[in-house]
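A.B. asks: Hey, dropping entry-v8.pdb in here, PDB, C-alpha atoms and all ligand atoms:
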```pdb
ATOM      1  CA  MET I   1     199.090-251.400  19.681
ATOM      2  CA  ARG I   2     202.631-251.383  21.083
ATOM      3  CA  PHE I   3     203.480-248.449  23.346
ATOM      4  CA  PRO I   4     200.085-246.648  23.273
ATOM      5  CA  THR I   5     201.446-243.625  25.204
ATOM      6  CA  VAL I   6     204.780-242.105  24.182
ATOM      7  CA  LEU I   7     206.658-239.392  26.049
ATOM      8  CA  VAL I   8     208.839-237.287  23.742
ATOM      9  CA  ALA I   9     211.475-235.268  25.629
ATOM     10  CA  GLY I  10     212.914-232.370  23.625
ATOM     11  CA  ALA I  11     210.591-230.441  21.308
ATOM     12  CA  GLY I  12     213.194-229.099  18.860
ATOM     13  CA  GLN I  13     213.219-229.991  15.190
ATOM     14  CA  MET I  14     213.579-233.738  15.868
ATOM     15  CA  GLY I  15     211.218-233.894  18.861
ATOM     16  CA  ALA I  16     208.464-232.152  16.880
ATOM     17  CA  GLY I  17     208.863-234.594  13.979
ATOM     18  CA  ILE I  18     208.956-237.605  16.306
ATOM     19  CA  ALA I  19     205.856-236.450  18.220
ATOM     20  CA  GLN I  20     204.016-235.882  14.924
ATOM     21  CA  THR I  21     204.974-239.332  13.632
ATOM     22  CA  PHE I  22     203.786-241.157  16.783
ATOM     23  CA  ALA I  23     200.547-239.123  16.909
ATOM     24  CA  THR I  24     199.888-239.860  13.220
ATOM     25  CA  SER I  25     200.191-243.574  14.057
ATOM     26  CA  GLY I  26     197.279-243.162  16.518
ATOM     27  CA  ARG I  27     199.325-243.010  19.727
ATOM     28  CA  ARG I  28     198.892-240.561  22.582
ATOM     29  CA  VAL I  29     201.963-238.322  22.813
ATOM     30  CA  LEU I  30     203.198-236.267  25.769
ATOM     31  CA  LEU I  31     205.651-233.602  24.628
ATOM     32  CA  PHE I  32     208.097-232.058  27.093
ATOM     33  CA  ASP I  33     210.828-229.443  26.613
ATOM     34  CA  ALA I  34     212.836-227.583  29.243
ATOM     35  CA  ALA I  35     212.864-224.278  27.302
ATOM     36  CA  PRO I  36     209.852-221.964  27.653
ATOM     37  CA  GLY I  37     207.930-221.651  24.388
ATOM     38  CA  ALA I  38     209.570-224.685  22.750
ATOM     39  CA  THR I  39     206.489-226.928  22.791
ATOM     40  CA  GLY I  40     204.373-224.071  21.379
ATOM     41  CA  ARG I  41     206.817-223.705  18.474
ATOM     42  CA  ALA I  42     206.756-227.496  18.003
ATOM     43  CA  PHE I  43     202.952-227.389  17.640
ATOM     44  CA  GLU I  44     203.328-224.733  14.909
ATOM     45  CA  THR I  45     205.965-226.856  13.129
ATOM     46  CA  MET I  46     203.785-229.972  13.361
ATOM     47  CA  ARG I  47     200.738-228.124  12.025
ATOM     48  CA  ARG I  48     202.673-226.758   9.001
ATOM     49  CA  SER I  49     204.040-230.219   8.226
ATOM     50  CA  LEU I  50     200.668-231.959   8.700
ATOM     51  CA  GLU I  51     198.907-229.417   6.459
ATOM     52  CA  LYS I  52     201.416-230.100   3.671
ATOM     53  CA  LEU I  53     200.923-233.853   4.102
ATOM     54  CA  ALA I  54     197.115-233.487   4.259
ATOM     55  CA  ALA I  55     197.191-231.700   0.885
ATOM     56  CA  LYS I  56     198.687-234.944  -0.487
ATOM     57  CA  GLY I  57     196.071-237.153   1.172
ATOM     58  CA  GLY I  58     197.608-237.410   4.658
ATOM     59  CA  ALA I  59     195.780-237.487   8.008
ATOM     60  CA  ASP I  60     193.588-234.638   9.306
ATOM     61  CA  PRO I  61     195.959-232.223  11.143
ATOM     62  CA  ASP I  62     193.407-231.438  13.895
ATOM     63  CA  GLU I  63     192.852-235.122  14.641
ATOM     64  CA  VAL I  64     196.582-235.817  14.836
ATOM     65  CA  LEU I  65     197.366-232.754  16.968
ATOM     66  CA  ALA I  66     194.529-233.634  19.375
ATOM     67  CA  ARG I  67     196.610-236.679  20.393
ATOM     68  CA  VAL I  68     199.616-234.532  21.415
ATOM     69  CA  GLU I  69     199.634-233.023  24.919
ATOM     70  CA  PRO I  70     202.238-230.541  26.107
ATOM     71  CA  ALA I  71     203.810-231.697  29.398
ATOM     72  CA  ASP I  72     205.481-229.560  32.081
ATOM     73  CA  ASP I  73     207.959-232.287  32.960
ATOM     74  CA  LEU I  74     208.781-235.934  32.323
ATOM     75  CA  ALA I  75     205.624-238.013  32.907
ATOM     76  CA  PRO I  76     204.610-241.695  32.998
ATOM     77  CA  ALA I  77     204.344-243.379  29.569
ATOM     78  CA  ASP I  78     204.966-246.774  27.920
ATOM     79  CA  LEU I  79     207.921-245.436  25.946
ATOM     80  CA  LEU I  80     210.276-242.464  26.259
ATOM     81  CA  VAL I  81     211.863-241.111  23.091
ATOM     82  CA  GLU I  82     214.494-238.606  24.177
ATOM     83  CA  ALA I  83     215.435-235.930  21.630
ATOM     84  CA  VAL I  84     217.108-233.220  23.736
ATOM     85  CA  VAL I  85     220.349-231.453  22.812
ATOM     86  CA  GLU I  86     223.302-233.711  21.804
ATOM     87  CA  ASP I  87     225.087-233.413  25.162
ATOM     88  CA  GLU I  88     225.935-236.519  27.160
ATOM     89  CA  THR I  89     225.646-234.798  30.568
ATOM     90  CA  VAL I  90     222.144-233.502  29.775
ATOM     91  CA  LYS I  91     220.995-236.865  28.415
ATOM     92  CA  VAL I  92     222.450-238.853  31.336
ATOM     93  CA  GLU I  93     220.642-236.612  33.819
ATOM     94  CA  LEU I  94     217.400-236.991  31.863
ATOM     95  CA  PHE I  95     217.676-240.803  31.716
ATOM     96  CA  GLY I  96     218.258-240.953  35.479
ATOM     97  CA  ARG I  97     215.129-238.876  36.094
ATOM     98  CA  ALA I  98     213.074-240.782  33.524
ATOM     99  CA  ASP I  99     214.011-244.068  35.228
ATOM    100  CA  ALA I 100     212.432-242.787  38.447
ATOM    101  CA  ILE I 101     209.267-241.438  36.762
ATOM    102  CA  LEU I 102     208.341-243.965  34.046
ATOM    103  CA  PRO I 103     206.805-247.313  35.088
ATOM    104  CA  PRO I 104     209.211-250.277  35.446
ATOM    105  CA  GLY I 105     208.013-251.915  32.194
ATOM    106  CA  ALA I 106     208.594-248.822  30.039
ATOM    107  CA  VAL I 107     211.305-248.696  27.368
ATOM    108  CA  LEU I 108     213.665-245.702  27.392
ATOM    109  CA  ALA I 109     214.867-244.822  23.880
ATOM    110  CA  SER I 110     217.236-242.082  22.736
ATOM    111  CA  ASN I 111     217.295-240.335  19.380
ATOM    112  CA  THR I 112     220.967-239.510  19.936
ATOM    113  CA  SER I 113     223.093-239.176  16.800
ATOM    114  CA  SER I 114     226.301-240.422  18.368
ATOM    115  CA  ILE I 115     226.345-240.753  22.184
ATOM    116  CA  PRO I 116     226.834-244.331  23.435
ATOM    117  CA  ILE I 117     223.568-245.963  24.508
ATOM    118  CA  GLY I 118     225.538-247.791  27.228
ATOM    119  CA  ALA I 119     226.312-244.443  28.923
ATOM    120  CA  LEU I 120     222.585-243.576  29.036
ATOM    121  CA  ALA I 121     221.632-247.101  30.194
ATOM    122  CA  ALA I 122     224.142-246.832  33.046
ATOM    123  CA  ALA I 123     222.135-243.909  34.470
ATOM    124  CA  THR I 124     219.128-246.239  34.944
ATOM    125  CA  ARG I 125     218.213-249.421  36.823
ATOM    126  CA  ARG I 126     216.789-250.933  33.619
ATOM    127  CA  PRO I 127     219.697-251.138  31.128
ATOM    128  CA  ALA I 128     217.986-254.056  29.329
ATOM    129  CA  GLN I 129     215.167-251.638  28.380
ATOM    130  CA  VAL I 130     217.382-248.820  27.073
ATOM    131  CA  ILE I 131     217.954-248.516  23.316
ATOM    132  CA  GLY I 132     218.780-246.077  20.518
ATOM    133  CA  MET I 133     215.919-245.162  18.196
ATOM    134  CA  HIS I 134     217.634-242.820  15.745
ATOM    135  CA  PHE I 135     215.215-241.062  13.408
ATOM    136  CA  PHE I 136     216.225-238.893  10.426
ATOM    137  CA  ASN I 137     215.300-235.336   9.557
ATOM    138  CA  PRO I 138     212.552-234.536   8.563
ATOM    139  CA  VAL I 139     211.120-237.409  10.629
ATOM    140  CA  PRO I 140     207.637-237.568   9.020
ATOM    141  CA  VAL I 141     209.132-238.204   5.563
ATOM    142  CA  MET I 142     212.436-240.016   6.160
ATOM    143  CA  ALA I 143     212.077-243.805   6.042
ATOM    144  CA  LEU I 144     215.037-244.937   8.157
ATOM    145  CA  VAL I 145     215.254-245.683  11.882
ATOM    146  CA  GLU I 146     218.747-246.729  13.003
ATOM    147  CA  VAL I 147     218.084-249.013  15.985
ATOM    148  CA  VAL I 148     221.097-249.090  18.307
ATOM    149  CA  ARG I 149     221.487-251.897  20.827
ATOM    150  CA  GLY I 150     223.453-250.994  23.932
ATOM    151  CA  PRO I 151     225.689-253.620  25.552
ATOM    152  CA  GLU I 152     222.839-254.705  27.854
ATOM    153  CA  THR I 153     219.781-254.097  25.630
ATOM    154  CA  SER I 154     217.614-257.238  25.732
ATOM    155  CA  ASP I 155     216.375-259.098  22.664
ATOM    156  CA  ALA I 156     212.807-258.335  23.792
ATOM    157  CA  THR I 157     213.488-254.572  23.795
ATOM    158  CA  ALA I 158     215.262-254.657  20.435
ATOM    159  CA  ASP I 159     212.502-256.784  18.874
ATOM    160  CA  ALA I 160     209.777-254.466  20.211
ATOM    161  CA  VAL I 161     211.496-251.327  18.889
ATOM    162  CA  VAL I 162     212.156-252.897  15.478
ATOM    163  CA  ALA I 163     208.462-253.871  15.284
ATOM    164  CA  LEU I 164     207.453-250.385  16.443
ATOM    165  CA  ALA I 165     209.541-248.738  13.706
ATOM    166  CA  GLU I 166     207.756-250.949  11.171
ATOM    167  CA  GLU I 167     204.351-250.004  12.630
ATOM    168  CA  LEU I 168     205.313-246.352  12.052
ATOM    169  CA  GLY I 169     205.915-247.218   8.377
ATOM    170  CA  LYS I 170     209.702-246.892   8.742
ATOM    171  CA  THR I 171     212.511-249.264   7.832
ATOM    172  CA  PRO I 172     214.636-250.221  10.858
ATOM    173  CA  ALA I 173     218.331-251.091  10.503
ATOM    174  CA  LEU I 174     220.334-252.430  13.448
ATOM    175  CA  ALA I 175     223.660-250.945  14.505
ATOM    176  CA  ASN I 176     225.992-251.641  17.403
ATOM    177  CA  ASP I 177     226.830-249.178  20.146
ATOM    178  CA  VAL I 178     229.965-247.549  18.723
ATOM    179  CA  PRO I 179     230.181-243.700  18.833
ATOM    180  CA  GLY I 180     228.394-242.263  15.782
ATOM    181  CA  PHE I 181     226.885-245.699  14.990
ATOM    182  CA  VAL I 182     226.774-246.238  11.177
ATOM    183  CA  SER I 183     224.956-243.196   9.803
ATOM    184  CA  ASN I 184     227.023-240.397  11.324
ATOM    185  CA  ARG I 185     230.309-242.254  11.041
ATOM    186  CA  ILE I 186     229.750-242.020   7.281
ATOM    187  CA  LEU I 187     227.880-238.713   7.045
ATOM    188  CA  MET I 188     229.976-236.480   9.329
ATOM    189  CA  PRO I 189     233.281-236.991   7.432
ATOM    190  CA  LEU I 190     231.408-236.126   4.198
ATOM    191  CA  ILE I 191     230.015-232.921   5.704
ATOM    192  CA  ASN I 192     233.319-232.010   7.348
ATOM    193  CA  GLU I 193     235.264-232.522   4.108
ATOM    194  CA  ALA I 194     232.762-230.296   2.258
ATOM    195  CA  VAL I 195     233.378-227.600   4.910
ATOM    196  CA  TRP I 196     237.146-228.012   4.445
ATOM    197  CA  ALA I 197     236.690-227.619   0.667
ATOM    198  CA  LEU I 198     234.880-224.327   1.321
ATOM    199  CA  HIS I 199     237.505-223.286   3.906
ATOM    200  CA  ASP I 200     240.346-224.035   1.450
ATOM    201  CA  GLY I 201     238.637-222.069  -1.346
ATOM    202  CA  VAL I 202     238.194-225.095  -3.619
ATOM    203  CA  ALA I 203     234.730-223.804  -4.600
ATOM    204  CA  ASP I 204     231.883-221.727  -3.204
ATOM    205  CA  ALA I 205     229.051-223.317  -1.178
ATOM    206  CA  GLU I 206     226.611-223.514  -4.104
ATOM    207  CA  ALA I 207     229.187-225.211  -6.340
ATOM    208  CA  ILE I 208     230.165-227.721  -3.640
ATOM    209  CA  ASP I 209     226.532-228.666  -3.102
ATOM    210  CA  THR I 210     225.774-228.806  -6.840
ATOM    211  CA  ILE I 211     228.718-231.157  -7.370
ATOM    212  CA  ALA I 212     227.500-233.487  -4.600
ATOM    213  CA  LYS I 213     223.849-233.330  -5.687
ATOM    214  CA  LEU I 214     224.371-233.962  -9.386
ATOM    215  CA  GLY I 215     227.638-235.895  -9.168
ATOM    216  CA  PHE I 216     226.600-238.329  -6.423
ATOM    217  CA  ASN I 217     222.830-238.109  -6.903
ATOM    218  CA  HIS I 218     222.286-236.828  -3.346
ATOM    219  CA  PRO I 219     218.983-234.986  -2.790
ATOM    220  CA  LEU I 220     220.771-232.275  -0.740
ATOM    221  CA  GLY I 221     224.364-231.097  -0.891
ATOM    222  CA  PRO I 222     226.456-231.654   2.273
ATOM    223  CA  LEU I 223     226.506-227.967   3.270
ATOM    224  CA  ALA I 224     222.723-227.608   2.886
ATOM    225  CA  LEU I 225     222.328-230.866   4.819
ATOM    226  CA  ALA I 226     224.585-229.567   7.619
ATOM    227  CA  ASP I 227     222.377-226.458   7.794
ATOM    228  CA  LEU I 228     219.315-228.724   8.063
ATOM    229  CA  ILE I 229     220.834-230.882  10.818
ATOM    230  CA  GLY I 230     222.114-227.839  12.762
ATOM    231  CA  LEU I 231     225.798-226.854  12.768
ATOM    232  CA  ASP I 232     225.934-227.079  16.596
ATOM    233  CA  THR I 233     224.606-230.631  16.397
ATOM    234  CA  CYS I 234     227.180-231.508  13.686
ATOM    235  CA  VAL I 235     230.020-230.222  15.906
ATOM    236  CA  ALA I 236     228.654-232.106  18.937
ATOM    237  CA  ILE I 237     228.439-235.333  16.913
ATOM    238  CA  MET I 238     231.978-234.934  15.508
ATOM    239  CA  ASP I 239     233.320-234.323  19.030
ATOM    240  CA  VAL I 240     231.644-237.485  20.368
ATOM    241  CA  ILE I 241     233.013-239.613  17.500
ATOM    242  CA  ARG I 242     236.493-238.059  17.683
ATOM    243  CA  THR I 243     236.740-238.570  21.469
ATOM    244  CA  GLY I 244     235.017-241.949  21.462
ATOM    245  CA  LEU I 245     237.142-243.469  18.694
ATOM    246  CA  GLY I 246     240.252-241.449  19.610
ATOM    247  CA  GLU I 247     240.707-240.401  15.985
ATOM    248  CA  GLU I 248     241.612-236.826  15.016
ATOM    249  CA  ARG I 249     240.259-237.325  11.488
ATOM    250  CA  PHE I 250     236.791-236.654  12.963
ATOM    251  CA  ALA I 251     237.809-233.210  14.357
ATOM    252  CA  PRO I 252     235.460-230.452  13.089
ATOM    253  CA  CYS I 253     236.857-227.969  10.541
ATOM    254  CA  PRO I 254     237.594-224.532  12.118
ATOM    255  CA  LEU I 255     235.076-222.904   9.763
ATOM    256  CA  LEU I 256     232.317-225.044  11.278
ATOM    257  CA  LEU I 257     233.413-223.957  14.776
ATOM    258  CA  GLU I 258     233.429-220.300  13.680
ATOM    259  CA  HIS I 259     229.821-220.512  12.470
ATOM    260  CA  VAL I 260     228.667-222.133  15.720
ATOM    261  CA  ALA I 261     230.543-219.573  17.857
ATOM    262  CA  ALA I 262     228.814-216.789  15.900
ATOM    263  CA  GLY I 263     225.373-218.374  16.444
ATOM    264  CA  ARG I 264     225.011-219.321  12.765
ATOM    265  CA  LEU I 265     223.531-222.755  13.459
ATOM    266  CA  GLY I 266     221.849-223.386  10.092
ATOM    267  CA  ARG I 267     218.150-223.267   9.274
ATOM    268  CA  LYS I 268     217.007-223.234  12.889
ATOM    269  CA  SER I 269     218.819-219.918  13.554
ATOM    270  CA  GLY I 270     218.068-218.430  10.119
ATOM    271  CA  ALA I 271     221.627-218.668   8.746
ATOM    272  CA  GLY I 272     224.483-221.126   8.359
ATOM    273  CA  PHE I 273     226.278-221.846   5.108
ATOM    274  CA  TYR I 274     223.191-220.278   3.491
ATOM    275  CA  ASN I 275     220.871-217.489   4.553
ATOM    276  CA  TYR I 276     217.265-218.512   5.355
ATOM    277  CA  ARG I 277     215.937-215.167   6.537
TER     278      ARG I 277
HETATM  279  N1  LIG A   1     219.009-232.438  13.612
HETATM  280  C1  LIG A   1     219.055-233.615  13.028
HETATM  281  O1  LIG A   1     219.063-233.724  11.799
HETATM  282  C2  LIG A   1     219.106-234.858  13.870
HETATM  283  C3  LIG A   1     218.918-236.100  13.256
HETATM  284  C4  LIG A   1     218.906-237.243  14.047
HETATM  285  C5  LIG A   1     219.106-237.142  15.417
HETATM  286  N2  LIG A   1     219.320-235.899  15.982
HETATM  287  C6  LIG A   1     219.477-235.840  17.441
HETATM  288  O2  LIG A   1     218.262-235.424  18.013
HETATM  289  C7  LIG A   1     218.513-234.686  19.221
HETATM  290  C8  LIG A   1     217.840-233.326  19.136
HETATM  291  O3  LIG A   1     218.313-232.639  17.986
HETATM  292  P1  LIG A   1     217.493-231.411  17.347
HETATM  293  O4  LIG A   1     218.066-231.198  15.998
HETATM  294  O5  LIG A   1     216.041-231.612  17.524
HETATM  295  O6  LIG A   1     217.989-230.233  18.310
HETATM  296  P2  LIG A   1     217.256-228.840  18.637
HETATM  297  O7  LIG A   1     218.344-227.912  19.049
HETATM  298  O8  LIG A   1     216.336-228.456  17.520
HETATM  299  O9  LIG A   1     216.311-229.204  19.904
HETATM  300  C9  LIG A   1     216.801-229.641  21.138
HETATM  301  C10 LIG A   1     215.718-229.340  22.178
HETATM  302  O10 LIG A   1     216.094-229.947  23.423
HETATM  303  C11 LIG A   1     215.619-229.088  24.454
HETATM  304  N3  LIG A   1     216.294-229.444  25.699
HETATM  305  C12 LIG A   1     217.582-229.229  26.046
HETATM  306  N4  LIG A   1     217.832-229.742  27.265
HETATM  307  C13 LIG A   1     216.665-230.305  27.696
HETATM  308  C14 LIG A   1     216.266-231.014  28.873
HETATM  309  N5  LIG A   1     217.136-231.252  29.861
HETATM  310  N6  LIG A   1     214.996-231.461  28.972
HETATM  311  C15 LIG A   1     214.105-231.229  27.980
HETATM  312  N7  LIG A   1     214.421-230.550  26.843
HETATM  313  C16 LIG A   1     215.677-230.110  26.701
HETATM  314  C17 LIG A   1     215.938-227.690  23.927
HETATM  315  O11 LIG A   1     215.177-226.708  24.618
HETATM  316  C18 LIG A   1     215.542-227.841  22.460
HETATM  317  O12 LIG A   1     214.189-227.474  22.248
HETATM  318  C19 LIG A   1     220.034-234.628  19.373
HETATM  319  O13 LIG A   1     220.436-235.696  20.186
HETATM  320  C20 LIG A   1     220.505-234.838  17.936
HETATM  321  O14 LIG A   1     221.806-235.362  17.868
HETATM  322  C21 LIG A   1     219.301-234.765  15.249
END
```
What do you get writing this file as structure tokens?

C.D. replies:
Amino acid sequence: MRFPTVLVAGAGQMGAGIAQTFATSGRRVLLFDAAPGATGRAFETMRRSLEKLAAKGGADPDEVLARVEPADDLAPADLLVEAVVEDETVKVELFGRADAILPPGAVLASNTSSIPIGALAAATRRPAQVIGMHFFNPVPVMALVEVVRGPETSDATADAVVALAEELGKTPALANDVPGFVSNRILMPLINEAVWALHDGVADAEAIDTIAKLGFNHPLGPLALADLIGLDTCVAIMDVIRTGLGEERFAPCPLLLEHVAAGRLGRKSGAGFYNYR
């Protein structure tokens, strides 16, 4: 088995899903988060998800969860998958520390939505072993992994991560290291334009999402999807793409900024464009 022990850093909505997916594949998972209580909440999220999947014939939740160990800090592993907040300074610091703690042969992967892999690789002495492994939400059910090669990522690292994604039952697709990669370069303008439509009074949130769902055959409307991703994460991604490409068309709509400033971050905070309480 490739990468028998995986360290997942960040136990938010993505980290929990990533940890669950690796543990379901039979791997040992170490789960670390800097915020007190975050790993405990991740275990609750994983259990709820695994119980739903078990009802449809999925793996035994207790067996899967027995492979996940909470960790107090970064720890040695064959692979790091970083899923902390979408903030370049935080990720760069984490990659520098991980480089000192993980063995020299380990691969350091980031689940970043938009931040250049080259910037994270530059914080390490192993840029050939740094790569983007971008999962989608909810990780246990979404099939895609966008694999992002940094400027110095080796063929061996890219090949191993592509093969790993396949072992997890996912479909990998390769993208180059340009801010936002492929997925968010397409998705964020769609979400932002939906927010502008709401801001400009073109329609209410339900109507905007109904039009996208039934008109474009999308499973979720863009406003509901933004709530699922997290409105803070959407703003962070738009800022990275806007700054990185130098294009104002990626600037977040003021209504999105208002929600984030008010702590309405989407599902994870209980309210966003919709109320989840
Ligand atoms: N939300 C999505 O749909 C989605 C999809 C793909 C990729 N991503 C990316 O995944 C990453 C995480 O997103 P999320 O939605 O899980 O966010 P989240 O807000 O749910 O979780 C982030 C977690 O990171 C932790 N954290 C912050 N700084 C840390 C540090 N220095 N060390 C350890 N833990 C730290 C926080 O305590 C929090 O638990 C981001 O880079 C995001 O862009 C998100």

A.B. asks: May I ask for the distance between atom CA of Leu225 of chain I and atom C1 of ligand LIG 1 (chain A), given in Å to one decimal place?

C.D. replies: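 Between atom CA of Leu225 of chain I and atom C1 of ligand LIG 1 (chain A) the gap works out to 9.3 Å.
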
A.B. asks: Looking at all atoms listed in the file, which of I:Phe250, I:Phe136, I:Phe32, I:Phe22 is the one that sits closest to Val84 of chain I?

C.D. replies: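 For Val84 of chain I, the nearest of the candidates is I:Phe32.
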
A.B. asks: Apply the PyMOL selection byres (((not hetatm)) within 9 of (chain A and resi 1)) to the file shown and report the selected residues as a PyMOL selection string.

C.D. replies: chain I and resi 9-17+32-39+42+73-74+82-88+90-91+93-94+110-115+134-139+225-234+236-237+268

A.B. asks: Take the residues from that selection and put them in a file with C-alpha atoms, as a short mmCIF file (atom, residue, chain, number, x, y, z; two decimals), in the frame of the given file.

C.D. replies:
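Output file again-v1.cif follows:
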```
data_model
loop_
_atom_site.label_atom_id
_atom_site.label_comp_id
_atom_site.auth_asym_id
_atom_site.auth_seq_id
_atom_site.Cartn_x
_atom_site.Cartn_y
_atom_site.Cartn_z
CA ALA I 9 211.48 -235.27 25.63
CA GLY I 10 212.91 -232.37 23.62
CA ALA I 11 210.59 -230.44 21.31
CA GLY I 12 213.19 -229.10 18.86
CA GLN I 13 213.22 -229.99 15.19
CA MET I 14 213.58 -233.74 15.87
CA GLY I 15 211.22 -233.89 18.86
CA ALA I 16 208.46 -232.15 16.88
CA GLY I 17 208.86 -234.59 13.98
CA PHE I 32 208.10 -232.06 27.09
CA ASP I 33 210.83 -229.44 26.61
CA ALA I 34 212.84 -227.58 29.24
CA ALA I 35 212.86 -224.28 27.30
CA PRO I 36 209.85 -221.96 27.65
CA GLY I 37 207.93 -221.65 24.39
CA ALA I 38 209.57 -224.68 22.75
CA THR I 39 206.49 -226.93 22.79
CA ALA I 42 206.76 -227.50 18.00
CA ASP I 73 207.96 -232.29 32.96
CA LEU I 74 208.78 -235.93 32.32
CA GLU I 82 214.49 -238.61 24.18
CA ALA I 83 215.44 -235.93 21.63
CA VAL I 84 217.11 -233.22 23.74
CA VAL I 85 220.35 -231.45 22.81
CA GLU I 86 223.30 -233.71 21.80
CA ASP I 87 225.09 -233.41 25.16
CA GLU I 88 225.94 -236.52 27.16
CA VAL I 90 222.14 -233.50 29.78
CA LYS I 91 221.00 -236.86 28.42
CA GLU I 93 220.64 -236.61 33.82
CA LEU I 94 217.40 -236.99 31.86
CA SER I 110 217.24 -242.08 22.74
CA ASN I 111 217.30 -240.34 19.38
CA THR I 112 220.97 -239.51 19.94
CA SER I 113 223.09 -239.18 16.80
CA SER I 114 226.30 -240.42 18.37
CA ILE I 115 226.34 -240.75 22.18
CA HIS I 134 217.63 -242.82 15.74
CA PHE I 135 215.22 -241.06 13.41
CA PHE I 136 216.22 -238.89 10.43
CA ASN I 137 215.30 -235.34 9.56
CA PRO I 138 212.55 -234.54 8.56
CA VAL I 139 211.12 -237.41 10.63
CA LEU I 225 222.33 -230.87 4.82
CA ALA I 226 224.58 -229.57 7.62
CA ASP I 227 222.38 -226.46 7.79
CA LEU I 228 219.32 -228.72 8.06
CA ILE I 229 220.83 -230.88 10.82
CA GLY I 230 222.11 -227.84 12.76
CA LEU I 231 225.80 -226.85 12.77
CA ASP I 232 225.93 -227.08 16.60
CA THR I 233 224.61 -230.63 16.40
CA CYS I 234 227.18 -231.51 13.69
CA ALA I 236 228.65 -232.11 18.94
CA ILE I 237 228.44 -235.33 16.91
CA LYS I 268 217.01 -223.23 12.89
#
```

A.B. asks: For a quick check of your reading of the model, name the residues lying within 7 Å of the coordinate (217.4, -254.8, 14.9), counting only C-alpha atoms, and write them as a list in words.

C.D. replies: Val147, Ala158, Asp159, Val162, Pro172, Ala173 and Leu174 of chain I

A.B. asks: Atom CA of Pro222 of chain I and atom CA of Tyr274 of chain I, how far apart in Å?

C.D. replies: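 One can read the atom CA of Tyr274 of chain I to atom CA of Pro222 of chain I distance as 11.9 Å.
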
A.B. asks: Rounded to one decimal, what separation in Å do you get between atom CA of Asp177 of chain I and atom CA of Pro151 of chain I?

C.D. replies: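 The value is 7.1 Å.
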
A.B. asks: Just the residues within 9 Å of Ala122 of chain I, please, counting all atoms listed in the file, with nothing from its chain fewer than 6 positions along; format it as a list of chain:residue names.

C.D. replies: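 That gives I:Val92, I:Phe95, I:Gly96.
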
A.B. asks: Carefully work through the PyMOL selection byres (((chain I and resi 47) around 10) and not hetatm) for this structure and note down the residues it includes, as a PyMOL selection string.

C.D. replies: chain I and resi 16+20+41-46+48-53+61-62+64-65

A.B. asks: Which of these, I:Val195, I:Leu187, I:Leu144, I:Ala212, has the shortest distance to Gly169 of chain I once you count only C-alpha atoms?

C.D. replies: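 Closest residue, counting only C-alpha atoms: I:Leu144.
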
A.B. asks: Could you check which of I:Pro4, I:Gly57, I:Gly150, I:Pro70 is closest to Leu164 of chain I, using all atoms listed in the file?

C.D. replies: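 Of I:Pro4, I:Gly57, I:Gly150, I:Pro70, the one nearest Leu164 of chain I, counting all atoms listed in the file, is I:Pro4.
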